[in-house]
Structures are given as structure tokens and as C-alpha cells.
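Report on the structure given below.
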Amino acid sequence: MPDVPTHDDLPADILRGLTSPRMSRRSVLQLGGASALAMALAACGVSSKKGATATGTSASAQAKQFWADKKQTGTLDFANWPLYIDVNPKNKNDHPSIDEFTKQTGIKVKYSEVIQENASFFGKIQPELAAGQSTGYDLMVITNGTYLDKLRELGYLIALDQSRMTNFYKYASPLVKNPSYDRGNVYSMAWQSGMTGIGYDPKRTGRPITSWADLMDPAFKGKVGMFGDTQDLPNSALTAIGVNPETSTEADWKKAADWLKKQRPQVRKYYEQDYIDPLSKGDIWVSMAWSGDIFQANASGASLKFVVPKEGAVLWTDNMCIPQHAAHPVDAMTYMDFVYKPEIAAMLAEYINYITPVPAARAVMRHDAAKATGDDKASLDELVSSPLIFPSPSDFSRLHRYRVLTAEEEKTWNSLFEPIYQS
Amino acid sequence: MSRSRLSARLAPYYLVLPGWLWLALFFVVPTFVMLSVSTQTGDIVSGFKQTFHWHTYVEAWDAYHVQLVRSLVYGLVATLLCLVIGYPVAYWIAFRGGAHKSSLLFLLLLPFFVSFVIRTQSWNFMLSDNGIVLSPLRHLGLIGSRFHVLQTPYAVIGGLTYNFLPFMVLPIYVALERVDRALLEASADLYASSREAFRKVVFPLSLPGVFAGVLLTFVPAAADYVNASILGGAKTTMIGNIIQTQYFTNLDYPMAAALSFILMALLLVGVFAYARALGTEDVFEVNAR
């Protein structure tokens, strides 16, 4: 083997070092390899992504500075959830409320239904925001809870221009003004709200459902659907055991987890989003459900019922917010305030069927109903009187917000509730 | 050493260089980053820091060994079912397909023109409690009123078998197609019955195809999460679902990475044990093809 380097090529001192018995060459290489590996592993560390998170006065100062030189551009990229805006009955890609917006402001809207889930959408935009790049959206709709908190804490949201929120401050319901998850509406304005209660098929259950305890009824064994998440499932379980989630303690969480474990043998599946189809087909008879889903399913022929259980239910709000590096922030602000006009809020509510953030929309809808005839009139009358869209004060007293968790609490929370739906 | 001799000696290495770069860029580097992430601690808001916290692996195993083992079992059962169903199909196409071989292969691949998720979702439609299969059976009194298929392990394993069947059939078909037909004549000349000819000639020659098919089926089936999330229920969670939740919902990247590594290790051990049992010669033979 002529090409193997011989010891003669090496300087004597190095040769001595390499052949020294105290540490064989092989182990030197191994050590070198190991430390190189360790260094490289360490180099891969993900550094803190915490950006400029500001609250109170510093936020408003920052916002002023940010908004000072921003101009309207005439375009808006809007990321929303599917089936979450009004549609023209003749063309489902046409949204009358957006057309009206373009007519009044001259701003063209690129509307995309790209959000299927808070978690996966966060996963999609997080790398871009962490790298300081634009997500391509000026406006997005995120549910209050884990992901809105994360977006805010990470400094991924632009503080809103409070001077461009006149309709909001005039018409927004107290429910969404200054909410516990975003004090002072620094980063968000509500799109719609909804309740997580119980949906059921009265023909199959054979009796009305009134309480979370009904999900324990052995008659429904294998016909019960629950949500497989760490938000609605645990918070609803807390209301089921008579605790207000917002002020719950770790001891309460354990009790709620025990309640869910006891209920588990009843459960057919812990659903993500896909419970409404099996519920209308009869695979399940009774399920945790979102108010608007039941309303929409009934509009397309199902005969399901939604109930706010007597122990209470969770109220959530989907919020419009502006991600960092948005290209058209002024246009986004203009749109956010625009949807708080009662006539626009009514256009949206008539289609979406969730709780509108603008109570004055009810008068507009009543007016529309008076003008309408036949089926249109009947369905509008139903909407106006629906407690799912305009809940009564007594309903509100039974609705609770999600528990806001610190990072430390979240670990405990997840380890208690995740094994229930993932096992 | 002259320059030309050196470059001649290095030429083969230059030729494989693109392959190595490809592997380094798309396999070695990501694997390494994932390994690094798996030993970090922290959370998404305050950032993850490298602390060489290998204990995450212990926590991952403690919390999720049930789902890990379940995934391997589901993957194994689905692979065996694919083999039992797929081998006769491949054999039939290779030896009895005649002029229609390519049409038959096209039919086999036809479902691939529809998205994986939609194909799985359509099983959800067909097997629903009051759907087109169970409803008539219930009316005939053959099944009880609470009998259901969806959300059971049978549904998940069935979905896996259905979705990965072509991955089993194709390599076996290729192996069978290459069997020299003269060997069959020779075995007949030597008074072998057709059963004996199959057992002693055809089947051993098709083993490389079986080996490849088993790998192509078992590895993705054990790591799959689509079937479990669409067809599964409260007690059929697979490790893929857990990794997805850890990554996207909990944003616990170290745990997700550690689980991925454990899964990868288990699969590698399984594959090597299997290669060993079947004889390494066959593995090389597969590689050579």
C-alpha cells in the first residue's frame, strides 16, 4: 500500500504526541470528534425569539411611532377561516361585505381561507415571523387562547392604531371591548365570538340534553364525541365540575381531569374539527360543539340542537390582528374598523351565525327581516331571535373565558389533559 | 505521484459527490439539527437552549411507549396483511397478466391519482354507522345496533393496509417479472410439481421483492398519522399523531424531536434485525437493482 502516509512525513514533536502511550491517537480523535459534536450540537441552539413585547404606555408610544409614517396602499391580504364570511348566493367566491368595503374605500382585498386551525396556522407563519420576514398577510383571525397569547408574547403582532378605531369604540359590545386576553385592545379586535357547548341529535338521544353530566349517561356509551385539544376540552370540563376556568387552581384541574377520565369510556372519538359530519350522520349522537357549526349544519338540512349546559360553557372570541412586517397595515386597520359598522356587522352575522361583536347589528337585521318575504324572512326572524347570535344576559352569566396559562402552568396543564385524548 | 494519476484515482469520488452532497444536505444536516433540538430545553417564547438534556428521551419513552409500541404493532399487522393480499396479486399480474400487464399495473396505481387524505376520508364515508355497508347489515340483523367499525383498531389497520398495498405489490411484481421462465421449464423437466416449483424456485427468487416491499410498507405505515386521525378513535392514537401534536400544538420541539429519534431507532433496529434474518445477500441484491 504505497499511498498510506508514513510517520516519516510528520514533524518529530507531533509524532511523539500522537504515539504517546498516555493517550492513543485513536482516543485523541474520538475526543476531538466528541467535542466537535458537542460544540456543533450547542451551536444549533434556538435563541430566544422574544421580540419587542410592550404593554400599556410603551405600546402606545411604540404604536404612535409605527403608525406615524404609514399610508394607505389600496390592497389588503386577509387570512381567515373557511365559511367565516358572507357569500353571494350566486357566486361563492364573491363576498358582498368585501365588495362594499372596496366600493367605499377603494381598497382591493385578497381574501384567503387559509386558517384551518390555530396551531397549524401558527406553525406555518412562525418561521417567517421569527426570521423577520413578512407572512404575506396584513390581517389574520386568531382565537383567544394559547396562540394569540404566544403571538403577542413573541412580539409578532403590531400594536393597533387606536385613532383608527372609531366604529369599534362606538359599536363594539362590552363582551369584546377591553377583553381579559388583550387589555385595552392593544393588539386585537374581535371578528366573531362563539360558545363551546353541547350539540345533539334529539331524534337519536330521545331526550333533551341540558347538562354536561348527560355526557356520562350510559345510554350514550360509544355515541359521545369530545374535542381533542388542550383548550376547549379542559376548560369545558372545568365548567362541568362547577369551576370558573379563569380562576381555577391546579387542584381544580386534577378534578376536571378525573371527571374526563371517568367519562372517557363513553367517548367514541376526541375530534379535531370533524365532529359535525358524524353528528349529522348518527355515528355520534351527542358531542361537544361550537354554536355556529350547529346553526350552519341545520341551515343545510340537519336537525341538531345546541345547548349551553346548565353548569355553564366556554366563550371564545376570534380576533383580527396584524402580523409584524405586514405590507399594508393601514388598509388592515381600515378594514378592521369597517366591519364594526352595524350594517356591515349585520351582513356578516346573517351569514356566519356566530355571536356578532356589534349588538346594534340586531336592529339592522330586524329591519332587513321586516323588508324580506317568505323563506328569507323566516330565517332572518330566526336569526334575530337566536340566543346563539344574540345571547341573553342570563346566558352571558353562565359563559366563561379560557384559563390564561403561564409557560410553567401550561406544562402541568398539558400533562394532565393530553393523555385523556391521546392514548 | 503524477497529477493525472491522482485525478484518475479520485474520479469515482467526484462522480458520487452529488449523491453525497444530496445526502448531506437533505439527510445528515436535518438529522443532526433534530438531534440537537432533542436535547435542548426551554419554550417557544423564551427560546430553546442547548443543555444536553438527554432526559427528554426518558420522559418521551415513559409518557408515550404505549403509542410507540402500538404504532409498531399496527405497522406490522398492516404489512403482513399487505403481503398476504399483495403477493397473490403481484404473482397473478406477473404470470397470468399476459397482454394486460400494463393495464393491470395502471389499475393498481389508479387510486394514487386521488389524494391520500381524500381516499382515507372516503372510507370514513363508507364505513359510517349508518353508511352504505353497515346499514344493510344492521337491517338484516347480522350486526348489533351498537356495532361499529370506525374508531376501532380494525379501521386504522384496514386503512393502513389499503393505503400501502401498492408499495408491497410493485416490488414483488418486479422481482417475479424477472424470474427466468426457463427455470420453470427446467424444474418441470426435473419432475417438480408446480407447487414444488413455486416453493423451491419462484418464491426464493422473489424474496428480494418481498424484502423491499416489506420495508416500503412497514416504515411509512408505522410512522403514519393520517389513518389514525381520520379512521381512529379514542384508543388508537399512533406515535405520528403524538409527534404532530407535540410539534404543532404544544410547540414542544425537543419532545417531538426525541420521539422522532426513538421511532427512527426502533424502525432501524427492526429493519436490521429483519435484514439479518433474511440474509444480507438479499439486501445487497435489492440494492443492486
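Residues in the C-alpha cells are numbered from 1 in each chain, the chains being A, B, ... in the order shown, and ligands are numbered from 1 in the order shown.
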
Using only C-alpha atoms, which residues sit within 12 Å of Leu72 (chain B) once same-chain residues fewer than 3 positions away are excluded, as a CSV table (one decimal) with N, CA and C atoms, in the first residue's frame?
chain,number,residue,atom,x,y,z
B,65,HIS,N,-44.7,5.3,25.5
B,65,HIS,CA,-44.3,3.9,25.0
B,65,HIS,C,-45.5,3.1,24.5
B,66,VAL,N,-46.6,3.4,25.1
B,66,VAL,CA,-47.8,2.7,24.6
B,66,VAL,C,-48.1,3.0,23.2
B,67,GLN,N,-48.0,4.3,22.8
B,67,GLN,CA,-48.3,4.7,21.4
B,67,GLN,C,-47.2,4.2,20.5
B,68,LEU,N,-46.0,4.2,21.0
B,68,LEU,CA,-44.8,3.7,20.2
B,68,LEU,C,-45.0,2.2,19.8
B,69,VAL,N,-45.3,1.4,20.8
B,69,VAL,CA,-45.5,0.0,20.6
B,69,VAL,C,-46.7,-0.2,19.7
B,75,GLY,N,-48.3,-1.2,12.4
B,75,GLY,CA,-47.5,-1.2,11.1
B,75,GLY,C,-47.2,-2.7,10.7
B,76,LEU,N,-46.9,-3.5,11.7
B,76,LEU,CA,-46.5,-4.9,11.4
B,76,LEU,C,-47.7,-5.7,10.9
B,77,VAL,N,-48.9,-5.5,11.5
B,77,VAL,CA,-50.1,-6.2,11.1
B,77,VAL,C,-50.4,-5.8,9.7
B,78,ALA,N,-50.4,-4.4,9.5
B,78,ALA,CA,-50.7,-3.9,8.1
B,78,ALA,C,-49.8,-4.5,7.1
B,79,THR,N,-48.5,-4.6,7.4
B,79,THR,CA,-47.5,-5.1,6.5
B,79,THR,C,-47.8,-6.5,6.2
B,157,ILE,N,-56.0,-0.2,11.0
B,157,ILE,CA,-55.1,-1.1,10.3
B,157,ILE,C,-55.6,-1.4,8.9
B,217,THR,N,-43.5,-0.8,3.0
B,217,THR,CA,-44.8,-0.7,3.7
B,217,THR,C,-44.6,-0.5,5.2
B,218,PHE,N,-43.8,-1.2,5.8
B,218,PHE,CA,-43.7,-1.1,7.3
B,218,PHE,C,-43.2,0.2,7.8
B,219,VAL,N,-42.2,0.8,7.2
B,219,VAL,CA,-41.6,2.0,7.7
B,219,VAL,C,-42.7,3.2,7.6
B,220,PRO,N,-43.3,3.4,6.5
B,220,PRO,CA,-44.3,4.5,6.5
B,220,PRO,C,-45.5,4.2,7.3
B,221,ALA,N,-45.9,2.9,7.3
B,221,ALA,CA,-47.2,2.5,8.0
B,221,ALA,C,-47.0,2.8,9.5
B,222,ALA,N,-45.9,2.4,10.0
B,222,ALA,CA,-45.7,2.6,11.5
B,222,ALA,C,-45.6,4.1,11.8
B,223,ALA,N,-45.1,4.9,10.9
B,223,ALA,CA,-45.0,6.3,11.2
B,223,ALA,C,-46.2,7.1,10.8
B,224,ASP,N,-47.2,6.5,10.2
B,224,ASP,CA,-48.3,7.2,9.6
B,224,ASP,C,-49.2,7.8,10.8
B,238,MET,N,-51.6,6.9,17.3
B,238,MET,CA,-50.3,6.4,16.9
B,238,MET,C,-49.3,7.4,17.3
B,239,ILE,N,-48.0,7.0,17.2
B,239,ILE,CA,-46.9,7.9,17.6
B,239,ILE,C,-46.8,9.1,16.6
B,240,GLY,N,-47.2,8.9,15.4
B,240,GLY,CA,-47.2,10.1,14.4
B,240,GLY,C,-48.1,11.2,14.9
B,262,ILE,N,-36.6,8.3,18.7
B,262,ILE,CA,-36.9,7.0,19.3
B,262,ILE,C,-37.6,6.1,18.2
B,263,LEU,N,-38.5,6.7,17.5
B,263,LEU,CA,-39.2,6.0,16.4
B,263,LEU,C,-38.2,5.5,15.4
B,264,MET,N,-37.3,6.4,15.0
B,264,MET,CA,-36.3,6.1,13.9
B,264,MET,C,-35.4,4.9,14.4
B,265,ALA,N,-35.0,5.0,15.7
B,265,ALA,CA,-34.2,4.0,16.2
B,265,ALA,C,-34.9,2.6,16.2
B,266,LEU,N,-36.1,2.6,16.7
B,266,LEU,CA,-36.9,1.4,16.7
B,266,LEU,C,-37.1,0.8,15.3
B,267,LEU,N,-37.3,1.7,14.3
B,267,LEU,CA,-37.5,1.2,13.0
B,267,LEU,C,-36.2,0.6,12.4
B,268,LEU,N,-35.1,1.3,12.7
B,268,LEU,CA,-33.8,0.9,12.2
B,268,LEU,C,-33.5,-0.5,12.8
B,269,VAL,N,-33.7,-0.6,14.1
B,269,VAL,CA,-33.4,-1.9,14.7
B,269,VAL,C,-34.2,-3.0,14.1
B,270,GLY,N,-35.5,-2.7,13.9
B,270,GLY,CA,-36.4,-3.6,13.3
B,270,GLY,C,-35.9,-4.0,11.9
B,271,VAL,N,-35.5,-3.0,11.1
B,271,VAL,CA,-35.1,-3.3,9.7
B,271,VAL,C,-33.9,-4.1,9.7

At a cut-off of 8 Å, which residues of chain B touch chain A? Count only C-alpha atoms and give the answer as a CSV table (one decimal) with N, CA and C atoms, in the first residue's frame.
chain,number,residue,atom,x,y,z
B,32,PHE,N,-29.0,15.9,12.1
B,32,PHE,CA,-28.2,16.5,13.1
B,32,PHE,C,-28.9,17.6,13.9
B,33,VAL,N,-29.6,18.5,13.1
B,33,VAL,CA,-30.3,19.6,13.7
B,33,VAL,C,-31.4,19.0,14.7
B,35,LEU,N,-31.3,16.1,16.2
B,35,LEU,CA,-30.7,15.6,17.3
B,35,LEU,C,-30.4,16.7,18.3
B,36,SER,N,-29.9,17.8,17.8
B,36,SER,CA,-29.6,18.9,18.6
B,36,SER,C,-30.8,19.5,19.3
B,37,VAL,N,-31.9,19.6,18.6
B,37,VAL,CA,-33.1,20.1,19.2
B,37,VAL,C,-33.6,19.2,20.3
B,40,GLN,N,-32.4,20.0,23.7
B,40,GLN,CA,-32.5,21.4,24.2
B,40,GLN,C,-33.6,21.5,25.2
B,43,ASP,N,-38.8,27.0,26.1
B,43,ASP,CA,-40.1,27.0,25.5
B,43,ASP,C,-40.0,28.1,24.4
B,44,ILE,N,-41.1,28.1,23.5
B,44,ILE,CA,-41.0,28.9,22.3
B,44,ILE,C,-40.9,30.3,22.6
B,45,VAL,N,-41.4,30.8,23.7
B,45,VAL,CA,-41.4,32.3,24.0
B,45,VAL,C,-40.0,32.7,24.4
B,46,SER,N,-39.4,32.0,25.4
B,46,SER,CA,-38.1,32.4,25.9
B,46,SER,C,-37.0,31.8,25.1
B,47,GLY,N,-37.3,30.9,24.2
B,47,GLY,CA,-36.3,30.3,23.3
B,47,GLY,C,-35.8,29.0,23.9
B,48,PHE,N,-35.2,28.1,23.0
B,48,PHE,CA,-34.7,26.8,23.4
B,48,PHE,C,-33.2,27.0,23.5
B,49,LYS,N,-32.7,26.4,24.6
B,49,LYS,CA,-31.2,26.5,24.7
B,49,LYS,C,-30.6,25.1,24.8
B,50,GLN,N,-29.4,24.9,24.3
B,50,GLN,CA,-28.8,23.6,24.3
B,50,GLN,C,-28.3,23.3,25.7
B,51,THR,N,-28.9,22.3,26.4
B,51,THR,CA,-28.5,22.0,27.7
B,51,THR,C,-28.1,20.5,27.8
B,66,VAL,N,-46.6,3.4,25.1
B,66,VAL,CA,-47.8,2.7,24.6
B,66,VAL,C,-48.1,3.0,23.2
B,67,GLN,N,-48.0,4.3,22.8
B,67,GLN,CA,-48.3,4.7,21.4
B,67,GLN,C,-47.2,4.2,20.5
B,128,SER,N,-69.3,4.5,7.8
B,128,SER,CA,-70.0,5.1,8.9
B,128,SER,C,-71.2,4.3,9.4
B,129,ASP,N,-71.5,4.5,10.7
B,129,ASP,CA,-72.5,3.6,11.4
B,129,ASP,C,-73.8,3.4,10.6
B,130,ASN,N,-74.2,4.5,9.9
B,130,ASN,CA,-75.5,4.4,9.1
B,130,ASN,C,-75.2,4.5,7.6
B,146,ARG,N,-75.2,-1.4,18.2
B,146,ARG,CA,-74.1,-0.5,18.6
B,146,ARG,C,-72.8,-0.9,17.9
B,151,GLN,N,-63.3,4.2,14.2
B,151,GLN,CA,-62.8,4.5,15.5
B,151,GLN,C,-62.4,3.2,16.3
B,232,GLY,N,-59.4,6.6,13.2
B,232,GLY,CA,-59.2,6.1,14.5
B,232,GLY,C,-60.1,6.8,15.5
B,233,GLY,N,-60.0,6.3,16.8
B,233,GLY,CA,-60.9,6.9,17.8
B,233,GLY,C,-60.1,7.2,19.1
B,234,ALA,N,-60.7,7.0,20.2
B,234,ALA,CA,-60.1,7.5,21.5
B,234,ALA,C,-59.0,6.6,21.9
B,235,LYS,N,-58.9,5.3,21.4
B,235,LYS,CA,-57.9,4.4,21.9
B,235,LYS,C,-56.9,3.9,20.8
B,236,THR,N,-56.8,4.7,19.7
B,236,THR,CA,-56.0,4.2,18.6
B,236,THR,C,-54.9,5.2,18.2
B,237,THR,N,-54.6,6.1,19.1
B,237,THR,CA,-53.6,7.1,18.8
B,237,THR,C,-52.2,6.5,18.4
B,242,ILE,N,-48.9,11.8,18.0
B,242,ILE,CA,-48.3,12.4,19.2
B,242,ILE,C,-47.2,13.4,18.7
B,248,PHE,N,-46.8,20.8,16.6
B,248,PHE,CA,-47.7,22.0,16.2
B,248,PHE,C,-48.5,22.5,17.3
B,249,THR,N,-49.0,21.7,18.2
B,249,THR,CA,-50.0,22.2,19.2
B,249,THR,C,-49.2,22.7,20.5

Spatial neighbours of Ile85 (chain B), max dist 10 Å, only C-alpha atoms, sep filter under 5 positions, as a ChimeraX atom specification | /B:79-80,90,161,165,168-169

Would you list the contacts of Lys64 (chain A) as a ChimeraX atom specification, taking every protein, DNA or RNA residue within 10 Å and counting only C-alpha atoms, but skipping same-chain residues closer than 2 positions in sequence?
-> /A:58-62,66-69,159-163

Output C-alpha atoms for every residue in the selection just made, as a JSON list (two decimals), in the first residue's frame.
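selection.json was written with the following content:
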[["chain", "number", "residue", "atom", "x", "y", "z"],
["A", 58, "SER", "CA", -44.81, 51.94, 25.96],
["A", 59, "ALA", "CA", -47.04, 50.09, 23.49],
["A", 60, "SER", "CA", -48.98, 53.21, 22.67],
["A", 61, "ALA", "CA", -45.75, 55.19, 22.26],
["A", 62, "GLN", "CA", -44.41, 52.46, 20.01],
["A", 66, "PHE", "CA", -45.02, 52.94, 13.97],
["A", 67, "TRP", "CA", -48.20, 54.42, 12.53],
["A", 68, "ALA", "CA", -46.83, 57.95, 12.04],
["A", 69, "ASP", "CA", -45.47, 57.36, 8.55],
["A", 159, "ALA", "CA", -49.99, 47.30, 18.17],
["A", 160, "LEU", "CA", -53.15, 48.76, 16.66],
["A", 161, "ASP", "CA", -53.63, 52.41, 15.79],
["A", 162, "GLN", "CA", -56.20, 53.40, 18.41],
["A", 163, "SER", "CA", -57.06, 56.55, 16.45]]

Region 109-113 of chain A surroundings by only C-alpha atoms, 9 Å radius, close-in-sequence under 4 positions cut, as a count of residues only = 15

Selection: 12 Å around Asp395 (chain A), only C-alpha atoms, excl. self and same-chain fewer than 5 positions, as a list in words | Met195, Gly197, Val307, Val308, Pro309, Lys310, Glu311, Gly312, Ala313, Val314, Leu315, Ser386, Pro387, Leu388, Ile389, Phe390 and His400 of chain A

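When only C-alpha atoms are used to compute distances to Gly97 (chain B), the closest of the residues B:Tyr225, B:Tyr173, B:Thr245, B:Leu137 turns out to be B:Tyr173.
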
Residues at most 10 Å from Val141 (chain A), counting only C-alpha atoms, excluding those fewer than 4 positions away in the same chain, as a list in words?
->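 Surrounding residues, per the criterion: Phe78, Ala79, Asn80, Trp81, Ile115, Asn118, Leu148, Ser188, Met189, Ala190, Trp191, Gln192, Thr317, Asp318, Asn319, Met320, Cys321 and Ile322 of chain A.
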
Can you spit out the residues from that selection as a short mmCIF file (atom, residue, chain, number, x, y, z; two decimals), in the first residue's frame, using C-alpha atoms?
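What follows is the written file selection34.cif:
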data_model
loop_
_atom_site.label_atom_id
_atom_site.label_comp_id
_atom_site.auth_asym_id
_atom_site.auth_seq_id
_atom_site.Cartn_x
_atom_site.Cartn_y
_atom_site.Cartn_z
CA PHE A 78 -56.74 38.92 4.58
CA ALA A 79 -56.26 35.42 6.04
CA ASN A 80 -59.41 33.92 7.51
CA TRP A 81 -61.05 30.58 8.32
CA ILE A 115 -56.64 29.05 8.52
CA ASN A 118 -54.81 27.99 15.17
CA LEU A 148 -52.95 34.60 20.43
CA SER A 188 -56.72 42.79 18.51
CA MET A 189 -60.32 43.49 17.60
CA ALA A 190 -62.93 40.73 17.70
CA TRP A 191 -64.14 39.15 14.46
CA GLN A 192 -66.85 36.90 15.92
CA THR A 317 -63.52 35.07 20.51
CA ASP A 318 -61.76 35.02 17.18
CA ASN A 319 -59.71 38.16 16.78
CA MET A 320 -58.45 40.17 13.86
CA CYS A 321 -54.84 41.13 14.31
CA ILE A 322 -51.98 42.43 12.19
#

Out of region 20-250 of chain A, which residues get alpha helix (DSSP H) from DSSP, as a count of residues only?
-> 83

Please measure the separation of CA of Phe147 (chain B) and CA of Gly131 (chain B), giving the value in Å to one decimal.
->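 Straight-line distance from CA of Phe147 (chain B) to CA of Gly131 (chain B) works out to 12.5 Å.
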
Assign secondary structure with DSSP using the backbone only, and return the residues of region 36-274 of chain A in strand (DSSP E) as JSON, numbers by chain.
-> {"A": [75, 76, 77, 78, 79, 108, 109, 110, 111, 112, 139, 140, 141, 142, 143, 189, 190, 191, 192, 193, 194, 195, 196, 197, 198, 199, 200, 224, 225, 226, 227, 267, 268, 269, 270, 271]}

Just-selected residues, N, CA and C atoms written as an mmCIF file, in the first residue's frame:
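Written output follows (part-v2.cif):
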data_model
loop_
_atom_site.group_PDB
_atom_site.id
_atom_site.type_symbol
_atom_site.label_atom_id
_atom_site.label_comp_id
_atom_site.auth_asym_id
_atom_site.auth_seq_id
_atom_site.Cartn_x
_atom_site.Cartn_y
_atom_site.Cartn_z
ATOM 1 N N THR A 75 -54.394 47.940 -1.186
ATOM 2 C CA THR A 75 -54.571 46.482 -1.220
ATOM 3 C C THR A 75 -54.539 45.934 0.199
ATOM 4 N N LEU A 76 -55.145 44.764 0.369
ATOM 5 C CA LEU A 76 -55.207 44.138 1.687
ATOM 6 C C LEU A 76 -55.194 42.625 1.510
ATOM 7 N N ASP A 77 -54.281 41.951 2.195
ATOM 8 C CA ASP A 77 -54.253 40.482 2.186
ATOM 9 C C ASP A 77 -54.840 39.987 3.495
ATOM 10 N N PHE A 78 -55.952 39.279 3.398
ATOM 11 C CA PHE A 78 -56.738 38.916 4.577
ATOM 12 C C PHE A 78 -56.766 37.388 4.696
ATOM 13 N N ALA A 79 -56.240 36.865 5.791
ATOM 14 C CA ALA A 79 -56.261 35.417 6.037
ATOM 15 C C ALA A 79 -57.354 35.095 7.040
ATOM 16 N N LYS A 108 -58.593 47.141 -2.497
ATOM 17 C CA LYS A 108 -58.882 45.808 -3.032
ATOM 18 C C LYS A 108 -58.441 44.768 -2.006
ATOM 19 N N VAL A 109 -59.291 43.740 -1.807
ATOM 20 C CA VAL A 109 -58.991 42.737 -0.787
ATOM 21 C C VAL A 109 -58.682 41.403 -1.437
ATOM 22 N N LYS A 110 -57.540 40.815 -1.048
ATOM 23 C CA LYS A 110 -57.253 39.444 -1.452
ATOM 24 C C LYS A 110 -57.622 38.574 -0.266
ATOM 25 N N TYR A 111 -58.751 37.878 -0.398
ATOM 26 C CA TYR A 111 -59.286 37.135 0.726
ATOM 27 C C TYR A 111 -58.900 35.661 0.605
ATOM 28 N N SER A 112 -58.189 35.102 1.601
ATOM 29 C CA SER A 112 -57.802 33.686 1.529
ATOM 30 C C SER A 112 -58.317 32.942 2.759
ATOM 31 N N LEU A 139 -53.713 40.844 7.644
ATOM 32 C CA LEU A 139 -54.763 40.695 8.634
ATOM 33 C C LEU A 139 -55.017 39.207 8.800
ATOM 34 N N MET A 140 -55.105 38.752 10.063
ATOM 35 C CA MET A 140 -55.404 37.334 10.265
ATOM 36 C C MET A 140 -56.329 37.199 11.453
ATOM 37 N N VAL A 141 -57.052 36.083 11.499
ATOM 38 C CA VAL A 141 -58.050 35.877 12.538
ATOM 39 C C VAL A 141 -57.597 34.720 13.434
ATOM 40 N N ILE A 142 -57.324 35.028 14.705
ATOM 41 C CA ILE A 142 -56.782 34.043 15.641
ATOM 42 C C ILE A 142 -57.668 33.999 16.886
ATOM 43 N N THR A 143 -57.946 32.779 17.368
ATOM 44 C CA THR A 143 -58.788 32.621 18.546
ATOM 45 C C THR A 143 -58.042 33.034 19.807
ATOM 46 N N MET A 189 -58.903 43.143 17.588
ATOM 47 C CA MET A 189 -60.320 43.485 17.603
ATOM 48 C C MET A 189 -61.072 42.210 17.230
ATOM 49 N N ALA A 190 -62.210 41.981 17.904
ATOM 50 C CA ALA A 190 -62.926 40.727 17.700
ATOM 51 C C ALA A 190 -63.486 40.637 16.292
ATOM 52 N N TRP A 191 -63.464 39.436 15.726
ATOM 53 C CA TRP A 191 -64.145 39.152 14.459
ATOM 54 C C TRP A 191 -65.532 38.621 14.803
ATOM 55 N N GLN A 192 -65.605 37.457 15.420
ATOM 56 C CA GLN A 192 -66.852 36.904 15.918
ATOM 57 C C GLN A 192 -66.531 36.133 17.196
ATOM 58 N N SER A 193 -67.560 35.858 18.002
ATOM 59 C CA SER A 193 -67.364 35.008 19.176
ATOM 60 C C SER A 193 -68.288 33.806 19.074
ATOM 61 N N GLY A 194 -67.997 32.813 19.884
ATOM 62 C CA GLY A 194 -68.862 31.635 19.879
ATOM 63 C C GLY A 194 -68.773 30.912 21.207
ATOM 64 N N MET A 195 -69.636 29.919 21.364
ATOM 65 C CA MET A 195 -69.652 29.163 22.606
ATOM 66 C C MET A 195 -69.296 27.716 22.314
ATOM 67 N N THR A 196 -68.637 27.080 23.250
ATOM 68 C CA THR A 196 -68.399 25.648 23.154
ATOM 69 C C THR A 196 -69.351 24.976 24.124
ATOM 70 N N GLY A 197 -70.417 24.431 23.592
ATOM 71 C CA GLY A 197 -71.407 23.776 24.440
ATOM 72 C C GLY A 197 -71.620 22.350 23.965
ATOM 73 N N ILE A 198 -72.866 21.886 24.001
ATOM 74 C CA ILE A 198 -73.168 20.518 23.572
ATOM 75 C C ILE A 198 -74.122 20.575 22.381
ATOM 76 N N GLY A 199 -73.763 19.842 21.331
ATOM 77 C CA GLY A 199 -74.662 19.682 20.208
ATOM 78 C C GLY A 199 -75.204 18.260 20.238
ATOM 79 N N TYR A 200 -76.472 18.080 19.883
ATOM 80 C CA TYR A 200 -77.005 16.717 19.883
ATOM 81 C C TYR A 200 -78.125 16.584 18.878
ATOM 82 N N VAL A 224 -70.709 9.332 22.090
ATOM 83 C CA VAL A 224 -70.379 10.670 22.567
ATOM 84 C C VAL A 224 -69.103 11.153 21.879
ATOM 85 N N GLY A 225 -69.138 12.385 21.386
ATOM 86 C CA GLY A 225 -67.932 12.989 20.814
ATOM 87 C C GLY A 225 -67.411 14.073 21.732
ATOM 88 N N MET A 226 -66.094 14.165 21.867
ATOM 89 C CA MET A 226 -65.485 15.241 22.651
ATOM 90 C C MET A 226 -64.426 15.900 21.780
ATOM 91 N N PHE A 227 -63.932 17.064 22.219
ATOM 92 C CA PHE A 227 -62.880 17.731 21.464
ATOM 93 C C PHE A 227 -61.515 17.262 21.955
ATOM 94 N N VAL A 267 -66.674 7.762 25.315
ATOM 95 C CA VAL A 267 -66.322 8.585 24.163
ATOM 96 C C VAL A 267 -65.955 7.739 22.955
ATOM 97 N N ARG A 268 -66.584 8.067 21.834
ATOM 98 C CA ARG A 268 -66.267 7.398 20.575
ATOM 99 C C ARG A 268 -64.959 7.935 20.011
ATOM 100 N N LYS A 269 -64.818 9.258 20.020
ATOM 101 C CA LYS A 269 -63.611 9.853 19.455
ATOM 102 C C LYS A 269 -63.431 11.254 20.004
ATOM 103 N N TYR A 270 -62.165 11.644 20.157
ATOM 104 C CA TYR A 270 -61.855 13.031 20.500
ATOM 105 C C TYR A 270 -61.567 13.756 19.192
ATOM 106 N N TYR A 271 -62.524 14.566 18.751
ATOM 107 C CA TYR A 271 -62.467 15.162 17.421
ATOM 108 C C TYR A 271 -61.604 16.413 17.382
#
